[in-house]
$ cat model.cif   # mmCIF, C-alpha atoms
data_upload
loop_
_atom_site.label_atom_id
_atom_site.label_comp_id
_atom_site.auth_asym_id
_atom_site.auth_seq_id
_atom_site.Cartn_x
_atom_site.Cartn_y
_atom_site.Cartn_z
CA MET A 801 -91.89 63.73 85.00
CA ALA A 802 -90.94 64.37 81.41
CA ILE A 803 -90.21 61.36 79.37
CA ALA A 804 -87.96 61.89 76.42
CA GLY A 805 -89.37 60.72 73.08
CA ILE A 806 -87.77 57.90 71.25
CA GLY A 807 -85.13 59.25 68.90
CA GLY A 808 -84.83 58.29 65.28
CA VAL A 809 -82.59 55.44 64.37
CA GLY A 810 -79.31 56.66 62.94
CA SER A 811 -78.15 55.62 59.52
CA PHE A 812 -76.70 52.17 59.18
CA SER A 813 -73.23 51.79 57.78
CA PRO A 814 -73.18 49.22 55.01
CA ILE A 815 -71.58 45.95 55.91
CA ASP A 816 -68.50 45.24 53.87
CA PHE A 817 -68.50 41.60 52.91
CA PRO A 818 -65.09 40.37 51.83
CA ALA A 819 -65.15 39.51 48.17
CA VAL A 820 -64.99 35.77 47.61
CA LYS A 821 -62.51 35.07 44.85
CA PRO A 822 -62.94 32.01 42.67
CA ASN A 823 -60.29 29.37 42.90
CA ALA A 824 -57.39 30.53 40.75
CA GLY A 825 -56.54 28.21 37.91
CA THR A 826 -59.80 26.34 37.85
CA GLN A 827 -61.98 29.27 36.76
CA SER A 828 -61.47 32.30 34.59
CA ALA A 829 -62.82 35.65 35.73
CA ASP A 830 -65.54 35.90 33.08
CA GLN A 831 -66.93 32.44 33.84
CA ALA A 832 -70.19 32.20 35.71
CA GLU A 833 -69.44 32.14 39.41
CA GLY A 834 -72.41 30.05 40.36
CA PHE A 835 -72.45 27.51 43.12
CA GLY A 836 -72.09 24.75 40.55
CA ALA A 837 -68.86 26.21 39.24
CA ARG A 838 -67.45 26.51 42.75
CA LEU A 839 -68.42 22.96 43.53
CA ASN A 840 -66.75 21.92 40.33
CA GLY A 841 -63.56 23.68 41.41
CA ALA A 842 -63.71 21.97 44.78
CA LEU A 843 -64.17 18.60 43.10
CA GLU A 844 -61.17 19.21 40.86
CA ASN A 845 -59.16 20.07 43.96
CA LEU A 846 -60.35 16.86 45.60
CA GLN A 847 -59.36 14.92 42.50
CA GLN A 848 -55.82 16.32 42.72
CA THR A 849 -55.53 15.42 46.40
CA THR A 850 -56.84 11.92 45.74
CA ASP A 851 -54.42 11.44 42.84
CA ASN A 852 -51.51 12.44 45.06
CA SER A 853 -52.60 10.04 47.77
CA ASP A 854 -53.07 7.24 45.21
CA LYS A 855 -49.60 7.87 43.83
CA LEU A 856 -48.06 7.55 47.30
CA ALA A 857 -50.10 4.44 48.03
CA ALA A 858 -48.73 2.84 44.86
CA GLN A 859 -45.21 3.84 45.92
CA MET A 860 -45.78 2.24 49.30
CA ALA A 861 -46.98 -0.99 47.68
CA THR A 862 -43.93 -1.15 45.41
CA GLY A 863 -41.52 -0.31 48.18
CA GLU A 864 -40.46 3.04 46.72
CA LEU A 865 -41.90 5.11 49.55
CA THR A 866 -39.15 6.48 51.76
CA ASP A 867 -41.31 8.33 54.28
CA VAL A 868 -44.34 6.65 55.77
CA HIS A 869 -45.63 9.95 57.12
CA ASP A 870 -45.78 11.39 53.58
CA TYR A 871 -48.48 8.90 52.72
CA MET A 872 -50.29 9.31 56.03
CA ILE A 873 -50.43 13.10 55.59
CA ALA A 874 -51.66 12.80 51.99
CA ALA A 875 -54.29 10.29 53.13
CA THR A 876 -55.41 12.61 55.94
CA GLN A 877 -55.62 15.53 53.51
CA THR A 878 -57.71 13.45 51.13
CA GLU A 879 -59.93 12.29 53.97
CA LEU A 880 -60.58 15.85 55.12
CA ALA A 881 -61.08 17.18 51.60
CA THR A 882 -63.59 14.41 50.89
CA GLN A 883 -65.47 15.11 54.10
CA LEU A 884 -65.53 18.82 53.30
CA THR A 885 -66.79 18.29 49.75
CA VAL A 886 -69.46 15.86 50.92
CA ALA A 887 -70.56 18.31 53.62
CA VAL A 888 -70.87 21.10 51.04
CA ARG A 889 -72.79 18.82 48.67
CA ASN A 890 -75.15 17.74 51.46
CA LYS A 891 -75.86 21.36 52.33
CA ALA A 892 -76.60 22.11 48.69
CA VAL A 893 -78.95 19.15 48.37
CA ASP A 894 -80.68 20.19 51.60
CA ALA A 895 -81.21 23.68 50.25
CA PHE A 896 -82.53 22.30 46.96
CA ASN A 897 -84.95 19.96 48.74
CA GLN A 898 -86.25 22.77 50.94
CA ILE A 899 -87.02 24.83 47.85
CA MET A 900 -88.65 21.87 46.11
CA ASN A 901 -90.83 21.17 49.15
CA MET A 902 -92.06 24.77 49.26
CA ALA A 903 -95.83 24.95 49.21
CA VAL A 904 -97.03 26.78 46.10
CA MET B 916 -52.05 29.00 51.12
CA PRO B 917 -53.39 25.55 50.31
CA LEU B 918 -56.22 23.91 52.17
CA PHE B 919 -55.23 21.98 55.32
CA ASN B 920 -51.80 23.60 55.35
CA GLU B 921 -51.12 22.69 58.99
CA LEU B 922 -50.74 19.09 57.93
CA SER B 923 -48.02 20.00 55.43
CA ILE B 924 -46.24 22.26 57.92
CA ASN B 925 -46.00 19.52 60.54
CA GLY B 926 -45.21 17.11 57.73
CA SER B 927 -42.03 19.08 57.07
CA GLY B 928 -41.24 18.74 60.79
CA LEU B 929 -41.70 14.98 60.57
CA HIS B 930 -39.37 14.92 57.60
CA ALA B 931 -36.69 16.93 59.40
CA TYR B 932 -36.80 14.80 62.55
CA ARG B 933 -36.75 11.58 60.56
CA LYS B 934 -33.60 12.85 58.84
CA TRP B 935 -32.12 13.65 62.23
CA MET B 936 -32.94 10.17 63.49
CA ASP B 937 -31.33 8.76 60.33
CA ALA B 938 -28.18 10.75 61.05
CA ILE B 939 -28.11 9.56 64.67
CA SER B 940 -28.61 5.95 63.54
CA ASP B 941 -25.67 6.36 61.19
CA ASN B 942 -23.53 7.76 64.02
CA ILE B 943 -24.44 4.95 66.40
CA ALA B 944 -24.00 2.28 63.74
CA ASN B 945 -20.49 3.53 63.01
CA ILE B 946 -19.46 4.19 66.59
CA ASN B 947 -16.99 1.26 66.55
CA THR B 948 -15.84 1.67 62.96
CA THR B 949 -12.08 1.59 62.94
CA SER B 950 -9.94 3.20 60.28
CA ALA B 951 -6.22 3.38 59.67
CA THR B 952 -4.34 6.15 61.47
CA ASN B 953 -3.30 7.78 58.18
CA GLU B 954 -6.91 8.35 57.08
CA ASP B 955 -9.97 10.09 58.52
CA ALA B 956 -12.05 8.39 61.17
CA PHE B 957 -15.81 8.11 60.62
CA ARG B 958 -17.13 11.66 60.71
CA GLU B 959 -20.15 12.37 62.85
CA ARG B 960 -23.27 13.36 60.88
CA PHE B 961 -25.10 16.58 61.72
CA VAL B 962 -28.39 17.55 60.08
CA GLN B 963 -28.66 21.26 59.40
CA VAL B 964 -32.21 22.59 59.28
CA GLN B 965 -33.69 26.00 58.68
CA SER B 966 -37.09 27.58 59.12
CA ALA B 967 -38.96 27.80 55.81
CA ASN B 968 -39.90 31.32 54.79
CA VAL B 969 -43.35 31.78 56.27
CA ASN B 970 -44.61 34.19 53.61
CA ARG B 971 -43.49 32.20 50.63
CA THR B 972 -43.92 28.55 51.44
CA GLY B 973 -46.46 28.64 54.23
CA GLY B 974 -44.12 27.74 57.06
CA GLY B 975 -42.42 24.59 58.21
CA VAL B 976 -38.83 23.52 58.41
CA VAL B 977 -36.46 22.44 55.66
CA VAL B 978 -33.39 20.26 55.85
CA ASN B 979 -30.59 22.30 54.34
CA GLN B 980 -27.79 19.80 54.27
CA VAL B 981 -25.95 17.16 56.24
CA ARG B 982 -22.73 18.44 57.77
CA TYR B 983 -19.84 16.29 58.89
CA GLY B 984 -17.88 16.53 62.10
CA SER B 985 -14.15 16.25 62.49
CA GLY B 986 -12.42 13.18 61.10
CA GLU B 987 -9.66 13.45 63.68
CA GLY B 988 -11.07 10.66 65.85
CA ARG B 989 -9.21 9.12 68.75
CA ILE B 990 -6.23 6.83 68.55
CA VAL B 991 -6.74 3.42 70.16
CA ASN B 992 -4.16 0.68 70.50
CA GLN B 993 -5.44 -2.46 68.77
CA PRO B 994 -2.38 -4.42 67.60
CA GLU B 995 -4.51 -7.40 66.53
CA ASN B 996 -6.47 -5.24 64.05
CA PRO B 997 -5.34 -5.90 60.44
CA ILE B 998 -5.42 -2.18 59.59
CA ALA B 999 -3.34 -1.15 62.61
CA ASP B 1000 -0.17 0.82 61.88
CA ALA B 1001 3.38 -0.07 62.92
CA GLU B 1002 2.71 0.90 66.56
CA GLY B 1003 -0.53 -1.11 66.60
CA ASN B 1004 -2.79 1.93 66.62
CA VAL B 1005 -6.13 2.46 64.84
CA LYS B 1006 -8.54 5.39 64.72
CA LEU B 1007 -12.02 5.28 66.22
CA PRO B 1008 -14.61 8.03 65.65
CA ASN B 1009 -14.91 10.63 68.36
CA ILE B 1010 -18.63 10.09 68.97
CA ASP B 1011 -20.21 10.11 72.43
CA LEU B 1012 -22.87 7.42 72.66
CA ALA B 1013 -24.63 9.12 75.58
CA SER B 1014 -25.13 12.35 73.67
CA GLN B 1015 -26.30 10.40 70.60
CA MET B 1016 -28.91 8.63 72.73
CA THR B 1017 -30.02 11.94 74.22
CA ASN B 1018 -30.37 13.42 70.74
CA LEU B 1019 -32.30 10.34 69.69
CA ILE B 1020 -34.78 10.87 72.51
CA VAL B 1021 -35.14 14.55 71.57
CA ALA B 1022 -35.68 13.69 67.89
CA GLN B 1023 -38.15 10.93 68.71
CA ARG B 1024 -40.18 13.11 71.06
CA ALA B 1025 -40.20 15.98 68.57
CA TYR B 1026 -41.41 13.58 65.88
CA GLN B 1027 -44.20 12.47 68.21
CA ALA B 1028 -45.08 16.09 68.95
CA ASN B 1029 -45.46 16.79 65.23
CA VAL B 1030 -47.67 13.72 64.85
CA GLN B 1031 -49.80 14.98 67.75
CA ALA B 1032 -50.10 18.43 66.15
CA ILE B 1033 -51.28 16.83 62.89
CA GLU B 1034 -53.79 14.74 64.82
CA ARG B 1035 -55.13 17.83 66.62
CA ALA B 1036 -55.40 19.79 63.36
CA ARG B 1037 -57.33 16.90 61.80
CA ASN B 1038 -59.68 16.78 64.79
CA ALA B 1039 -60.20 20.54 64.61
CA TYR B 1040 -61.10 20.36 60.91
CA GLN B 1041 -63.51 17.51 61.57
CA GLN B 1042 -65.11 19.48 64.38
CA ALA B 1043 -65.53 22.42 61.99
CA LEU B 1044 -67.36 20.13 59.57
CA THR B 1045 -69.92 19.24 62.25
CA LEU B 1046 -70.91 22.93 62.48
CA GLY B 1047 -74.58 23.41 61.72
CA LYS B 1048 -75.46 19.75 61.97
#
$ encode --input "model.cif" --output "structure tokens"
Amino acid sequence: MAIAGIGGVGSFSPIDFPAVKPNAGTQSADQAEGFGARLNGALENLQQTTDNSDKLAAQMATGELTDVHDYMIAATQTELATQLTVAVRNKAVDAFNQIMNMAV
Amino acid sequence: MPLFNELSINGSGLHAYRKWMDAISDNIANINTTSATNEDAFRERFVQVQSANVNRTGGGVVVNQVRYGSGEGRIVNQPENPIADAEGNVKLPNIDLASQMTNLIVAQRAYQANVQAIERARNAYQQALTLGK
């Protein structure tokens, strides 16, 4: 019984990764797009969300808030944004620690 | 599209339904408001909403304006009323309490549905953050 030889592996098509664009407004195109810069952008974003939520909280305290759900949504957005930023930071610290613990 | 946009989309729904509930409250509050026969009766409030353009604003609903129903009302004989005319008639608004209550239930349930959708979106995002842990 003739057994056919194993054929050569065909050429691989390159995988097209979608280009990740830096956050518009917080970074210019010629700025270094390192992880630090991205994290900085995310933190600025978080700051904006927190400011908005603080503003609504102050309105609620002074009785100017007309819609309770406005504050609740802003607070939820801040909560999620904080959790996301902390998760990203933790991942970064993990990666750093793994590199630092590398046996030389 | 901003981050956590679902929350804002359902937030616009909450806003619209709160406005609707406000309008219904106004209608119910004024259901016994009498006016003289030579002027308009209390006009029923209608909230007019429209879908926000999905491509431009990221979806949701916007309250366009508050429209008013007919001021014709119904003529009721109340001779003891100080604003009654020579025949003892006054005008009462032509608002049906039963349909206002039905609308109130619809608005309230829709508000709750939007709250639920926000809650689910929040849970989904939190689940996504547990990825890789």
$ closest_atom_pairs --input "model.cif" --of "chain B" --to "chain A" --cutoff "7 Å" --atoms "only C-alpha atoms" --output "CSV"
residue,atom,partner,partner_atom,distance
B:Phe919,CA,A:Gln877,CA,6.7
B:Leu922,CA,A:Ile873,CA,6.4
B:Gly926,CA,A:Ile873,CA,6.9
B:Leu1044,CA,A:Leu884,CA,6.7
$ resolve_selection --input "model.cif" --expression "the PyMOL selection byres ((chain B and resi 1005) around 12)" --output "count of residues only"
32
$ resolve_selection --input "model.cif" --expression "the PyMOL selection byres ((chain B and resi 976) around 8)" --output "tab-separated table (two decimals) with C-alpha atoms, keeping the file's coordinate frame"
chain	number	residue	atom	x	y	z
B	924	ILE	CA	-46.24	22.26	57.92
B	927	SER	CA	-42.03	19.08	57.07
B	928	GLY	CA	-41.24	18.74	60.79
B	931	ALA	CA	-36.69	16.93	59.40
B	964	VAL	CA	-32.21	22.59	59.28
B	965	GLN	CA	-33.69	26.00	58.68
B	966	SER	CA	-37.09	27.58	59.12
B	967	ALA	CA	-38.96	27.80	55.81
B	974	GLY	CA	-44.12	27.74	57.06
B	975	GLY	CA	-42.42	24.59	58.21
B	977	VAL	CA	-36.46	22.44	55.66
B	978	VAL	CA	-33.39	20.26	55.85
$ residues_around --input "model.cif" --residues "Trp935 of chain B" --least-positions-apart "2" --cutoff "8 Å" --atoms "all atoms listed in the file" --output "VMD selection string"
chain B and resid 931 to 933 937 to 939 961 to 962 1022
$ atom_distance --input "model.cif" --atom1 "atom CA of Ala837 of chain A" --atom2 "atom CA of Thr850 of chain A"
19.8 Å
$ atom_distance --input "model.cif" --atom1 "atom CA of Ile943 of chain B" --atom2 "atom CA of Ile1020 of chain B"
13.4 Å
$ axis_aligned_box --input "model.cif" --around "segment 1014-1019 of chain B" --padding-each-side "4 Å" --output "lines of an AutoDock Vina configuration file"
center_x = -28.7
center_y = 11.0
center_z = 72.0
size_x = 15.2
size_y = 12.8
size_z = 12.5
$ atom_distance --input "model.cif" --atom1 "atom CA of Glu959 of chain B" --atom2 "atom CA of Asn942 of chain B"
5.8 Å
$ resolve_selection --input "model.cif" --expression "the PyMOL selection byres ((chain A and resi 853) around 8)" --output "compact mmCIF listing (two decimals) with C-alpha atoms, keeping the file's coordinate frame"
# COMPACT_ATOMS: atom_id res chain seq x y z
CA THR A 849 -55.53 15.42 46.40
CA THR A 850 -56.84 11.92 45.74
CA ASP A 851 -54.42 11.44 42.84
CA ASN A 852 -51.51 12.44 45.06
CA ASP A 854 -53.07 7.24 45.21
CA LYS A 855 -49.60 7.87 43.83
CA LEU A 856 -48.06 7.55 47.30
CA ALA A 857 -50.10 4.44 48.03
CA TYR A 871 -48.48 8.90 52.72
CA ALA A 874 -51.66 12.80 51.99
CA ALA A 875 -54.29 10.29 53.13
CA THR A 878 -57.71 13.45 51.13
